[in-house]
Every structure is written in structure tokens, then in C-alpha cells.
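Text of the file input_2.txt, holding compact mmCIF, C-alpha atoms:
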# COMPACT_ATOMS: atom_id res chain seq x y z
CA MET A 1 49.53 106.18 153.70
CA ILE A 2 49.01 109.74 154.96
CA LYS A 3 48.22 108.46 158.46
CA LEU A 4 51.32 106.24 158.47
CA ASN A 5 53.55 109.09 157.33
CA LYS A 6 52.20 111.28 160.16
CA ILE A 7 53.00 108.57 162.70
CA LEU A 8 56.51 108.11 161.38
CA PHE A 9 57.10 111.86 161.27
CA HIS A 10 55.82 112.27 164.83
CA SER A 11 58.20 109.57 166.09
CA PHE A 12 61.12 111.04 164.16
CA PHE A 13 60.36 114.59 165.31
CA LEU A 14 60.27 113.60 168.96
CA PHE A 15 63.52 111.76 168.53
CA SER A 16 65.45 114.48 166.82
CA PHE A 17 64.43 117.71 168.52
CA SER A 18 67.94 118.74 169.58
CA LEU A 19 70.29 118.18 166.69
CA ALA A 20 71.47 121.76 166.24
CA GLN A 21 75.23 122.28 166.58
CA GLU A 22 75.95 124.47 169.58
CA LYS A 23 78.44 124.93 172.36
CA ILE A 24 77.09 123.91 175.73
CA VAL A 25 78.32 124.22 179.29
CA LEU A 26 76.78 122.03 181.98
CA PHE A 27 77.23 123.75 185.33
CA ASN A 28 76.44 123.38 189.02
CA VAL A 29 77.08 119.63 188.86
CA ASN A 30 79.06 116.99 190.75
CA VAL A 31 81.11 114.70 188.52
CA ILE A 32 81.53 110.93 188.84
CA ASP A 33 83.91 110.41 185.94
CA GLY A 34 84.01 106.60 185.97
CA LEU A 35 87.73 106.57 186.66
CA ASN A 36 88.20 107.86 190.20
CA SER A 37 86.43 106.93 193.41
CA SER A 38 86.30 110.57 194.47
CA ILE A 39 83.61 112.98 193.30
CA GLN A 40 84.57 116.26 191.65
CA LYS A 41 82.35 118.83 193.34
CA ASP A 42 80.66 121.83 191.70
CA LYS A 43 82.14 121.56 188.21
CA MET A 44 81.45 122.95 184.76
CA ILE A 45 81.66 120.67 181.73
CA PHE A 46 82.26 122.43 178.41
CA ILE A 47 81.04 120.68 175.27
CA SER A 48 81.69 121.53 171.64
CA ASN A 49 81.74 119.55 168.40
CA ARG A 50 79.89 116.76 170.25
CA LYS A 51 82.84 116.16 172.59
CA ILE A 52 83.96 117.15 176.06
CA GLU A 53 86.14 120.20 175.58
CA SER A 54 87.14 120.87 179.20
CA ILE A 55 86.14 120.34 182.82
CA LYS A 56 86.60 123.35 185.10
CA ASN A 57 85.77 124.66 188.53
CA SER A 58 82.59 126.67 188.90
CA GLY A 59 82.69 130.12 187.29
CA SER A 60 80.95 132.34 184.80
CA ILE A 61 79.56 131.06 181.51
CA PRO A 62 81.69 132.31 178.59
CA LYS A 63 80.11 134.08 175.67
CA GLY A 64 79.07 131.73 172.91
CA TYR A 65 78.05 128.87 175.21
CA LYS A 66 74.55 127.83 176.18
CA GLY A 67 74.44 127.13 179.91
CA ILE A 68 72.41 124.27 181.39
CA ASP A 69 72.00 124.32 185.17
CA LEU A 70 72.10 120.82 186.70
CA TYR A 71 71.10 121.99 190.17
CA GLY A 72 73.84 120.33 192.19
CA MET A 73 72.98 116.87 190.92
CA TYR A 74 75.39 114.10 189.87
CA ILE A 75 76.67 113.49 186.35
CA LEU A 76 78.07 110.18 185.08
CA PRO A 77 79.10 108.65 181.77
CA GLY A 78 76.15 107.40 179.74
CA PHE A 79 75.18 103.77 180.20
CA ILE A 80 76.33 101.02 177.87
CA ASP A 81 73.83 98.24 177.20
CA ALA A 82 75.98 95.44 175.83
CA HIS A 83 73.11 93.06 175.13
CA THR A 84 69.95 94.48 173.61
CA HIS A 85 67.44 93.72 170.87
CA ILE A 86 66.54 97.27 169.82
CA SER A 87 64.91 97.13 166.41
CA SER A 88 62.72 100.24 166.11
CA LEU A 89 62.89 104.00 166.53
CA ASN A 90 60.57 103.95 169.53
CA ALA A 91 62.60 101.23 171.24
CA ALA A 92 65.80 103.20 170.68
CA LYS A 93 64.11 106.26 172.17
CA ARG A 94 63.04 104.34 175.27
CA ALA A 95 66.57 103.00 175.73
CA LEU A 96 68.08 106.45 175.33
CA GLU A 97 65.71 108.05 177.81
CA SER A 98 66.64 105.39 180.38
CA GLY A 99 70.27 106.56 180.13
CA VAL A 100 71.65 104.23 177.46
CA THR A 101 73.91 106.21 175.12
CA THR A 102 75.62 103.17 173.56
CA ALA A 103 74.04 99.79 172.84
CA ARG A 104 75.39 96.59 171.38
CA SER A 105 72.75 94.63 169.54
CA ALA A 106 72.37 90.97 170.41
CA SER A 107 70.85 90.35 166.97
CA THR A 108 67.83 91.72 165.14
CA SER A 109 65.54 90.12 162.59
CA SER A 110 66.38 92.26 159.57
CA PHE A 111 69.55 94.30 160.19
CA GLN A 112 67.58 97.11 161.87
CA ASP A 113 70.59 97.65 164.16
CA VAL A 114 72.80 98.48 161.18
CA SER A 115 70.26 101.03 159.94
CA LEU A 116 69.91 102.61 163.38
CA ARG A 117 73.69 102.86 163.67
CA GLU A 118 73.95 104.66 160.36
CA MET A 119 71.10 107.05 161.17
CA VAL A 120 72.80 108.06 164.42
CA LYS A 121 76.13 108.51 162.64
CA ALA A 122 74.45 110.70 160.04
CA ARG A 123 72.76 112.69 162.84
CA LYS A 124 69.31 111.88 161.52
CA LEU A 125 68.41 111.04 165.10
CA ILE A 126 69.94 111.26 168.55
CA GLY A 127 71.62 108.06 169.81
CA PRO A 128 72.10 105.64 171.31
CA ASP A 129 75.16 104.76 169.26
CA MET A 130 74.58 101.23 167.99
CA ILE A 131 77.08 98.40 167.80
CA ALA A 132 75.40 96.10 165.28
CA THR A 133 75.42 92.30 165.10
CA GLY A 134 72.81 91.77 162.43
CA VAL A 135 71.53 88.21 162.03
CA PHE A 136 72.07 85.60 164.76
CA VAL A 137 74.40 82.76 163.73
CA THR A 138 72.16 79.98 165.04
CA PRO A 139 71.23 76.50 163.78
CA ASN A 140 67.72 77.52 162.68
CA LEU A 141 67.11 81.02 161.33
CA GLY A 142 63.33 80.78 161.34
CA GLU A 143 61.65 83.95 160.03
CA THR A 144 65.02 85.73 160.01
CA ILE A 145 65.64 83.89 156.74
CA LEU A 146 63.76 86.82 155.16
CA ALA A 147 66.38 89.39 156.22
CA ASP A 148 68.53 88.92 153.09
CA VAL A 149 67.82 87.04 149.86
CA ARG A 150 71.16 85.23 150.19
CA LEU A 151 69.93 83.54 153.36
CA ALA A 152 67.57 81.37 151.30
CA ASN A 153 70.41 78.88 150.83
CA LEU A 154 70.46 78.40 154.62
CA ALA A 155 66.79 77.48 154.92
CA ASN A 156 67.62 73.91 155.95
CA GLY A 157 69.87 74.97 158.79
CA VAL A 158 73.21 76.54 159.68
CA ASN A 159 75.43 73.73 160.91
CA LYS A 160 77.99 72.73 158.28
CA GLU A 161 81.25 74.62 157.92
CA SER A 162 80.20 76.16 154.60
CA GLU A 163 76.89 77.30 156.11
CA LEU A 164 78.49 78.81 159.19
CA ARG A 165 81.04 80.69 157.10
CA LYS A 166 78.38 81.88 154.67
CA LEU A 167 76.24 83.43 157.39
CA VAL A 168 79.25 85.21 158.89
CA GLN A 169 80.14 86.49 155.42
CA ILE A 170 76.64 87.85 154.80
CA ASN A 171 76.69 89.63 158.15
CA ALA A 172 80.11 91.09 157.38
CA ASP A 173 78.91 92.25 153.97
CA ARG A 174 75.99 94.02 155.64
CA GLY A 175 78.45 95.92 157.83
CA VAL A 176 78.03 94.43 161.31
CA ASP A 177 80.43 95.28 164.16
CA PHE A 178 80.02 91.97 166.05
CA ILE A 179 78.91 88.45 165.24
CA LYS A 180 76.49 86.82 167.65
CA THR A 181 76.32 83.06 167.94
CA ARG A 182 75.33 80.54 170.55
CA GLY A 183 76.74 77.76 172.71
CA THR A 184 73.42 76.71 174.28
CA GLU A 185 69.68 76.85 173.88
CA ARG A 186 67.50 79.78 174.98
CA ALA A 187 66.06 80.39 178.45
CA GLY A 188 63.15 82.53 177.29
CA LEU A 189 61.28 79.79 175.42
CA PRO A 190 59.18 77.37 177.50
CA TYR A 191 60.26 74.14 175.81
CA THR A 192 64.01 74.58 175.44
CA ASP A 193 66.61 73.73 178.08
CA PRO A 194 69.03 76.66 178.43
CA ARG A 195 71.79 74.28 179.57
CA LYS A 196 71.68 72.19 176.39
CA GLN A 197 74.68 72.72 174.12
CA THR A 198 73.97 73.70 170.52
CA TYR A 199 77.19 74.40 168.61
CA THR A 200 80.34 72.42 169.37
CA LYS A 201 83.78 73.90 169.97
CA LYS A 202 84.66 72.98 166.37
CA GLN A 203 81.64 74.83 164.97
CA LEU A 204 82.22 77.82 167.23
CA SER A 205 85.88 77.93 166.19
CA ILE A 206 84.81 78.04 162.53
CA ILE A 207 82.57 81.02 163.29
CA VAL A 208 85.33 82.84 165.19
CA ASN A 209 87.86 82.02 162.47
CA GLU A 210 85.64 83.38 159.70
CA ALA A 211 84.75 86.51 161.68
CA THR A 212 88.44 87.15 162.36
CA LYS A 213 89.03 87.39 158.60
CA PHE A 214 86.83 90.50 158.68
CA ASN A 215 88.30 91.76 161.97
CA ILE A 216 84.94 91.22 163.67
CA PRO A 217 84.75 89.91 167.26
CA VAL A 218 82.20 87.31 168.38
CA MET A 219 79.73 87.22 171.26
CA ALA A 220 78.21 83.92 172.36
CA HIS A 221 74.89 83.21 174.05
CA ALA A 222 75.59 80.52 176.64
CA HIS A 223 73.68 79.64 179.80
CA GLY A 224 75.05 76.12 180.22
CA ASP A 225 78.61 75.31 181.24
CA GLU A 226 79.52 72.93 178.42
CA GLY A 227 78.42 75.34 175.70
CA GLY A 228 80.00 78.26 177.54
CA PHE A 229 83.33 76.47 177.94
CA ALA A 230 83.35 75.54 174.23
CA ALA A 231 82.69 79.17 173.27
CA VAL A 232 85.49 80.49 175.49
CA LYS A 233 87.90 77.89 174.10
CA ALA A 234 86.88 78.91 170.57
CA GLY A 235 87.91 82.50 171.28
CA VAL A 236 84.71 84.53 171.64
CA ARG A 237 85.06 87.99 173.14
CA SER A 238 82.10 87.74 175.51
CA ILE A 239 79.78 85.19 177.06
CA GLU A 240 76.17 86.31 177.27
CA HIS A 241 74.19 85.16 180.34
CA GLY A 242 76.50 82.47 181.77
CA THR A 243 73.91 81.19 184.24
CA TYR A 244 75.41 77.78 184.96
CA LEU A 245 79.10 78.46 184.34
CA SER A 246 81.52 76.48 186.50
CA LYS A 247 84.55 77.86 188.31
CA ASN A 248 86.66 76.10 185.69
CA THR A 249 84.99 78.01 182.84
CA LEU A 250 85.13 81.30 184.74
CA SER A 251 88.83 80.73 185.42
CA LEU A 252 89.39 80.17 181.69
CA MET A 253 87.51 83.40 180.98
CA LYS A 254 89.74 85.26 183.42
CA ASP A 255 92.87 83.83 181.77
CA LYS A 256 91.69 84.63 178.23
CA GLY A 257 90.20 88.04 179.06
CA THR A 258 86.69 86.96 178.05
CA TYR A 259 83.96 89.31 179.27
CA LEU A 260 80.77 88.20 181.02
CA VAL A 261 77.45 89.92 180.21
CA PRO A 262 75.12 88.16 182.68
CA THR A 263 71.85 89.99 181.89
CA PHE A 264 70.82 89.27 185.48
CA THR A 265 67.73 91.49 185.55
CA THR A 266 66.19 89.55 182.66
CA VAL A 267 66.34 86.39 184.76
CA VAL A 268 64.67 88.34 187.56
CA ASP A 269 62.00 89.17 184.96
CA LEU A 270 61.34 85.43 184.51
CA THR A 271 60.34 85.20 188.16
CA GLU A 272 57.96 88.17 188.17
CA PRO A 273 54.63 88.89 186.45
CA GLY A 274 54.58 91.22 183.46
CA GLY A 275 57.63 92.46 181.60
CA ASP A 276 59.05 90.63 178.59
CA TYR A 277 58.26 87.19 180.04
CA ASP A 278 55.02 86.12 181.69
CA ASN A 279 54.71 82.35 181.41
CA PRO A 280 54.22 79.69 184.12
CA ILE A 281 56.94 77.40 182.77
CA LEU A 282 59.42 80.25 182.60
CA PHE A 283 58.40 81.33 186.10
CA ILE A 284 59.28 77.86 187.41
CA ARG A 285 62.53 77.86 185.43
CA GLY A 286 63.46 81.22 186.88
CA GLN A 287 63.34 79.80 190.40
CA HIS A 288 66.47 77.71 189.78
CA MET A 289 68.11 79.97 187.21
CA LEU A 290 68.16 83.02 189.46
CA PRO A 291 70.19 81.54 192.36
CA ALA A 292 72.51 79.86 189.86
CA LEU A 293 73.23 83.15 188.11
CA GLU A 294 73.63 84.94 191.43
CA ALA A 295 76.38 82.45 192.33
CA THR A 296 78.04 82.84 188.92
CA ILE A 297 78.20 86.62 189.20
CA LYS A 298 79.55 86.52 192.75
CA ILE A 299 82.29 84.03 191.82
CA ALA A 300 83.15 85.91 188.61
CA TYR A 301 83.42 89.21 190.50
CA LYS A 302 85.63 87.66 193.15
CA MET A 303 87.86 86.09 190.47
CA GLY A 304 88.22 89.39 188.61
CA VAL A 305 86.32 88.38 185.46
CA LYS A 306 85.25 91.57 183.69
CA ILE A 307 81.47 91.93 184.05
CA VAL A 308 79.38 94.17 181.78
CA THR A 309 75.76 95.30 181.93
CA GLY A 310 73.18 94.12 179.41
CA ALA A 311 69.40 94.49 179.65
CA ASP A 312 68.55 91.75 177.10
CA THR A 313 65.34 93.49 176.07
CA GLY A 314 63.92 95.03 172.95
CA TYR A 315 62.80 98.06 175.03
CA GLY A 316 59.23 97.34 174.05
CA PRO A 317 56.27 99.16 175.63
CA ASN A 318 55.85 96.42 178.27
CA SER A 319 59.54 95.93 179.08
CA THR A 320 60.57 96.45 182.69
CA THR A 321 64.29 95.68 182.40
CA ARG A 322 66.76 98.59 182.38
CA ILE A 323 70.49 99.09 182.83
CA GLY A 324 69.90 101.13 185.98
CA MET A 325 68.21 98.08 187.48
CA GLU A 326 71.12 95.86 186.43
CA ILE A 327 73.56 98.20 188.21
CA THR A 328 71.43 98.14 191.36
CA ASN A 329 71.17 94.35 191.25
CA PHE A 330 74.95 94.06 190.87
CA VAL A 331 75.37 96.08 194.07
CA ASP A 332 72.81 93.89 195.83
CA LEU A 333 74.95 90.89 194.80
CA GLY A 334 78.02 92.36 196.46
CA MET A 335 79.66 94.67 193.94
CA LYS A 336 80.98 97.99 195.14
CA PRO A 337 78.78 100.79 193.71
CA LEU A 338 81.61 102.26 191.65
CA ASP A 339 82.47 98.83 190.22
CA ALA A 340 78.84 98.30 189.22
CA ILE A 341 78.76 101.73 187.56
CA ARG A 342 82.01 100.93 185.75
CA SER A 343 80.41 97.71 184.46
CA ALA A 344 77.84 99.94 182.78
CA THR A 345 80.36 102.45 181.47
CA ILE A 346 84.11 102.01 180.95
CA ILE A 347 84.19 98.18 181.23
CA GLY A 348 81.41 98.01 178.66
CA ALA A 349 83.35 100.41 176.45
CA GLU A 350 86.42 98.18 176.72
CA LEU A 351 84.38 95.14 175.70
CA LEU A 352 83.11 97.01 172.64
CA MET A 353 86.60 98.39 171.89
CA ILE A 354 85.41 102.00 172.04
CA ALA A 355 87.02 103.03 175.33
CA ASP A 356 88.98 105.72 173.50
CA LYS A 357 85.65 107.37 172.57
CA THR A 358 83.27 106.88 175.48
CA GLY A 359 82.77 105.25 178.87
CA THR A 360 84.30 107.97 181.08
CA ILE A 361 83.98 111.72 181.51
CA GLU A 362 87.28 112.93 180.07
CA VAL A 363 88.41 115.72 177.81
CA GLY A 364 88.29 114.62 174.17
CA LYS A 365 85.69 111.91 174.64
CA GLU A 366 82.17 111.93 173.25
CA ALA A 367 79.72 113.90 175.36
CA ASP A 368 77.72 110.84 176.43
CA LEU A 369 76.39 111.89 179.82
CA ILE A 370 73.57 111.23 182.26
CA VAL A 371 72.43 112.99 185.42
CA VAL A 372 70.82 111.53 188.56
CA THR A 373 69.42 113.40 191.55
CA LYS A 374 71.52 111.92 194.39
CA ASN A 375 75.00 110.51 194.90
CA PRO A 376 74.74 106.93 193.54
CA LEU A 377 77.87 105.88 195.40
CA LYS A 378 75.81 106.29 198.58
CA HIS A 379 72.27 105.83 197.23
CA ILE A 380 72.62 103.31 194.40
CA ARG A 381 68.92 103.16 193.53
CA THR A 382 69.03 106.76 192.35
CA ILE A 383 70.87 105.35 189.31
CA GLN A 384 67.47 104.19 188.07
CA ASP A 385 66.08 107.73 188.02
CA VAL A 386 67.86 109.42 185.12
CA VAL A 387 66.67 113.02 184.72
CA PHE A 388 69.02 114.27 181.98
CA VAL A 389 70.61 112.50 179.02
CA MET A 390 73.12 113.80 176.51
CA SER A 391 74.32 111.62 173.64
CA ASN A 392 77.15 112.84 171.43
CA GLY A 393 76.63 116.36 172.71
CA ASP A 394 72.90 116.42 171.91
CA VAL A 395 70.35 116.77 174.69
CA ALA A 396 68.02 113.77 174.47
CA LEU A 397 66.20 114.11 177.80
CA LYS A 398 65.82 117.00 180.22
CA ARG A 399 63.38 116.58 183.10
CA ILE A 400 64.89 119.27 185.31
CA PRO A 401 64.08 121.65 186.90
CA PHE A 402 60.99 120.15 188.51
CA THR A 403 59.30 123.54 188.68
CA LYS A 404 58.43 125.85 185.79
CA GLU A 405 61.29 128.11 184.75
As C-alpha cells - that is how I would like this structure written.
Amino acid sequence: MIKLNKILFHSFFLFSFSLAQEKIVLFNVNVIDGLNSSIQKDKMIFISNRKIESIKNSGSIPKGYKGIDLYGMYILPGFIDAHTHISSLNAAKRALESGVTTARSASTSSFQDVSLREMVKARKLIGPDMIATGVFVTPNLGETILADVRLANLANGVNKESELRKLVQINADRGVDFIKTRGTERAGLPYTDPRKQTYTKKQLSIIVNEATKFNIPVMAHAHGDEGGFAAVKAGVRSIEHGTYLSKNTLSLMKDKGTYLVPTFTTVVDLTEPGGDYDNPILFIRGQHMLPALEATIKIAYKMGVKIVTGADTGYGPNSTTRIGMEITNFVDLGMKPLDAIRSATIIGAELLMIADKTGTIEVGKEADLIVVTKNPLKHIRTIQDVVFVMSNGDVALKRIPFTKE
């Protein structure tokens, strides 16, 4: 028990080293605010009460502020990971240090996302801010049945109207921000076909209807077109993955304002050794999934469907998928660099309905900020090398200067 307590304390200490309230000014920095295509050169960003107080031209540091020199680098809004499976303190720390200041859970096994959200709110640890979904509304709960004693009544499956409504109700009672359900099978299991439809439009509509009673939006896992179309018709707020979506389904998404979270880099992971997936069957599957998803993203972008970044990882010790990689891949697929960055910032904030709080660098918004060494509008791969992270005004990562001060 003593050893375990030391481990937990060590993890907590590392994660909460900068929670003191103080006024900070970030200076000698170039600002990419997420709104404008132009860069604001040599600015000072004043932060107090965890929010952006003002943005000014370079000058002296006022009394009462702690100055942090950013050495002429480039500052952007913190990343939003709209599809993650963070379920531990260490995973949250890894996400944060990669530049993720806000994350929407795509389900956890035992409501860990709700607990993480509350700890961040209470300032027991530095972000990322969590948007929780709790338990996956899926036909078979498996081991997740242990997450809440009330789930025992769903041990035989979650398919009937009463069962679907009950699981939504339990999630709502546990305080989730989103409901996650599915239109198709998984891609990351060797013996499931990701195109196969699971829930029907009628079942998905029941889920959306019940969630609406609690003012909770719904996200839907859907690789295949039939399941994706049914989910969009049912009224979900976002489609996760969307690998095989047709132009017809994408057009419906555009008309209804449904967001697409393609988690492209995770499909890349299927085709490469290591990472979260390292299986010969999944490697073969990835060979046809990857070009299909490439086509979907290109068509969606051209149509004007709102596309959002999601890493679809638990940020485990062997994970290789990051939001910076997703941004870079979006550019490689034809997105303008600023559009790809906006997918990871303000568009993600709009999806999560928190655009009034975060997603851009503006006065009054949360001080969720990251710094990279070069101009990402010209050198997009620099977006993967985050050297400074601030979440809600707290410094979570500072790897500059590169020499001893």
C-alpha cells in the first residue's frame, strides 16, 4: 500500500506542479489566433484568472505579472481531441503534453472521463478539460457492465427500446456531456467488419430522442455507409471515422450540419508496425480502409462538411497517434494549413459547443495555448513539435529555452 501511494503521489505531483494563481504575460511571440489568416507579429499575451486578459504589442512587463519569454516562436490555440479514450492520469498527462488542452471522450470503461473532468474543474490537476461520454451505448457491454450496478439489467444486451433508454439514462445520471453510440462494427478488432451496420435508424433515433430529454448530444461510431446514413438521419451531432461514407451521406451531413471526426491517423496506424494496433489482419484491412478514408475526407472537405480532429487513442505508453499528426495528414490530403489547424481548434470547439470558451486566442477566452518553433502555416510538420503548453492559464509543459537559463 505504501508503494502504491508513492506511485500515485508521484504521478499527481508531476501533473499538478503549476496550479498557483498568478498573472502571466507571454511575450516575444507571434500569434496565430485561429480566426485570421494573418500572423500577429511580436505580441504580448496577458493572462489572469485563467483567461486571456489582453493582447498587446511588444513592450515592458507590468509590475505584478510573471513574464515568460517565448523566443520569437509561434503560439496557437490548444488542440482539441474530439475522439479519445483517455482513462488514466498518465494518459491525460501524455495528451496534454502533446498539445491537447480539451478532449472529448469516445467512451471509457468505468466513467473515468467524468472523474477526470471533475478533477480538472476542481483544479486538482492541470487539464486537458474533459468532455465526458461515459459508457458506450452498444449492443454488448462486455466488461463495461461492471461500471455501474444498474447495468446488470443490461447483461443480455442493449437492443430493445427500454434497454437503449435505460443506458442513456444511467449515463445522464452519471453526468456525461455526450452520449456515444454506434452505427457499425469496429475496425480495430480482427474479426469484425467495420462496414456492417449494428443499430438501425429506429434504434439510433430512440437513443437520440432519450439523450435530447437531458439536453445531451450524441456522437456515432460509423465506418460503413449504411450505418452512417442511419445515424445522420437519426440526428447525431457527429460521425466518428466515416471511412466508407458515400457522397449521398456526406451531402446529408452538410445539409444537417453534422460534423465528421475521421480519426485518419488511427487508420494509418493500422498499416504500420507498433502503435495501438499491430496485427496482420488489421494490417491487411488497413490497405483498403486508408484509401477509402482518404477519399471521404477529400470529398467532405470539398463539400464543406465540418471536419474535426480526433486521435482515437487512449494515449497509452505505446501509442503513436497524436493530434499534431492528424493536422499534418489533413494538409497532406489537400487541406489548407489554416483549415487543418482550425479543425483542431475552433471547429472542434464548435462541435463540442464550447466555442465561447476556447478554440481561438481572444480576449475573455480560456488561456488554452500551445507554442511551436516555426510558422506552421509554412512548415506544417512543426505542429507536431509542441514546446510549451498552457491549459486554463496553468503552465503544463515548458521545454524552452533549449539552453540553461
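Every polymer residue reaching to within 12 Å of (80.5, 71.7, 175.4), counting only C-alpha atoms, appears in this list: Arg182, Gly183, Thr184, Arg195, Lys196, Gln197, Thr198, Tyr199, Thr200, Lys201, Lys202, Gln203, Leu204, Ala222, His223, Gly224, Asp225, Glu226, Gly227, Gly228, Phe229, Ala230, Ala231, Val232, Lys233, Ala234, Leu245 and Thr249 of chain A.
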Please produce a file of the residues just selected, as a PDB file, in the coordinates of the input, where the atoms kept are C-alpha atoms.
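result05.pdb written:
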ATOM      1  CA  ARG A 182      75.330  80.540 170.550  1.00  0.00           C
ATOM      2  CA  GLY A 183      76.740  77.760 172.710  1.00  0.00           C
ATOM      3  CA  THR A 184      73.420  76.710 174.280  1.00  0.00           C
ATOM      4  CA  ARG A 195      71.790  74.280 179.570  1.00  0.00           C
ATOM      5  CA  LYS A 196      71.680  72.190 176.390  1.00  0.00           C
ATOM      6  CA  GLN A 197      74.680  72.720 174.120  1.00  0.00           C
ATOM      7  CA  THR A 198      73.970  73.700 170.520  1.00  0.00           C
ATOM      8  CA  TYR A 199      77.190  74.400 168.610  1.00  0.00           C
ATOM      9  CA  THR A 200      80.340  72.420 169.370  1.00  0.00           C
ATOM     10  CA  LYS A 201      83.780  73.900 169.970  1.00  0.00           C
ATOM     11  CA  LYS A 202      84.660  72.980 166.370  1.00  0.00           C
ATOM     12  CA  GLN A 203      81.640  74.830 164.970  1.00  0.00           C
ATOM     13  CA  LEU A 204      82.220  77.820 167.230  1.00  0.00           C
ATOM     14  CA  ALA A 222      75.590  80.520 176.640  1.00  0.00           C
ATOM     15  CA  HIS A 223      73.680  79.640 179.800  1.00  0.00           C
ATOM     16  CA  GLY A 224      75.050  76.120 180.220  1.00  0.00           C
ATOM     17  CA  ASP A 225      78.610  75.310 181.240  1.00  0.00           C
ATOM     18  CA  GLU A 226      79.520  72.930 178.420  1.00  0.00           C
ATOM     19  CA  GLY A 227      78.420  75.340 175.700  1.00  0.00           C
ATOM     20  CA  GLY A 228      80.000  78.260 177.540  1.00  0.00           C
ATOM     21  CA  PHE A 229      83.330  76.470 177.940  1.00  0.00           C
ATOM     22  CA  ALA A 230      83.350  75.540 174.230  1.00  0.00           C
ATOM     23  CA  ALA A 231      82.690  79.170 173.270  1.00  0.00           C
ATOM     24  CA  VAL A 232      85.490  80.490 175.490  1.00  0.00           C
ATOM     25  CA  LYS A 233      87.900  77.890 174.100  1.00  0.00           C
ATOM     26  CA  ALA A 234      86.880  78.910 170.570  1.00  0.00           C
ATOM     27  CA  LEU A 245      79.100  78.460 184.340  1.00  0.00           C
ATOM     28  CA  THR A 249      84.990  78.010 182.840  1.00  0.00           C
TER      29      THR A 249
END
List every protein, DNA or RNA residue that has an atom no more than 8 Å from (64.9, 96.1, 186.5) in the file's coordinate frame, counting only C-alpha atoms, and report them as a PDB file with C-alpha atoms, in the coordinates of the input.
ATOM      1  CA  THR A 265      67.730  91.490 185.550  1.00  0.00           C
ATOM      2  CA  THR A 266      66.190  89.550 182.660  1.00  0.00           C
ATOM      3  CA  VAL A 268      64.670  88.340 187.560  1.00  0.00           C
ATOM      4  CA  ASP A 269      62.000  89.170 184.960  1.00  0.00           C
ATOM      5  CA  THR A 320      60.570  96.450 182.690  1.00  0.00           C
ATOM      6  CA  THR A 321      64.290  95.680 182.400  1.00  0.00           C
ATOM      7  CA  ARG A 322      66.760  98.590 182.380  1.00  0.00           C
ATOM      8  CA  ILE A 323      70.490  99.090 182.830  1.00  0.00           C
ATOM      9  CA  GLY A 324      69.900 101.130 185.980  1.00  0.00           C
ATOM     10  CA  MET A 325      68.210  98.080 187.480  1.00  0.00           C
ATOM     11  CA  GLU A 326      71.120  95.860 186.430  1.00  0.00           C
TER      12      GLU A 326
END
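Considering the residues A:Leu164, A:Ile380, A:Thr101, A:Pro217 and counting only C-alpha atoms, A:Val120 has its shortest atom-to-atom contact with A:Thr101.
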Query - Residues near stretch 369-379 of chain A, cut-off 9 Å, only C-alpha atoms, skip fewer than 5 positions along chain, as a PyMOL selection string - result: chain A and resi 29-30+32+37+70-79+99-101+336-338+341+360-361+384-393
Query - Shell of 8 Å around A:Arg50, all atoms listed in the file, local chain residues under 2 positions omitted, as a PyMOL selection string - result: chain A and resi 47-48+52+366-367+392-394
Query raised in the report: How many Å separate atom CA of A:Phe178 from atom CA of A:Lys365?
Result: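 One can read the atom CA of A:Phe178 to atom CA of A:Lys365 distance as 22.4 Å.
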Query raised in the report: Suppose you want the space between atom CA of A:Ala300 and atom CA of A:Ile216; what is it in Å?
Result: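 For atom CA of A:Ala300 relative to atom CA of A:Ile216, the distance reads 25.6 Å.
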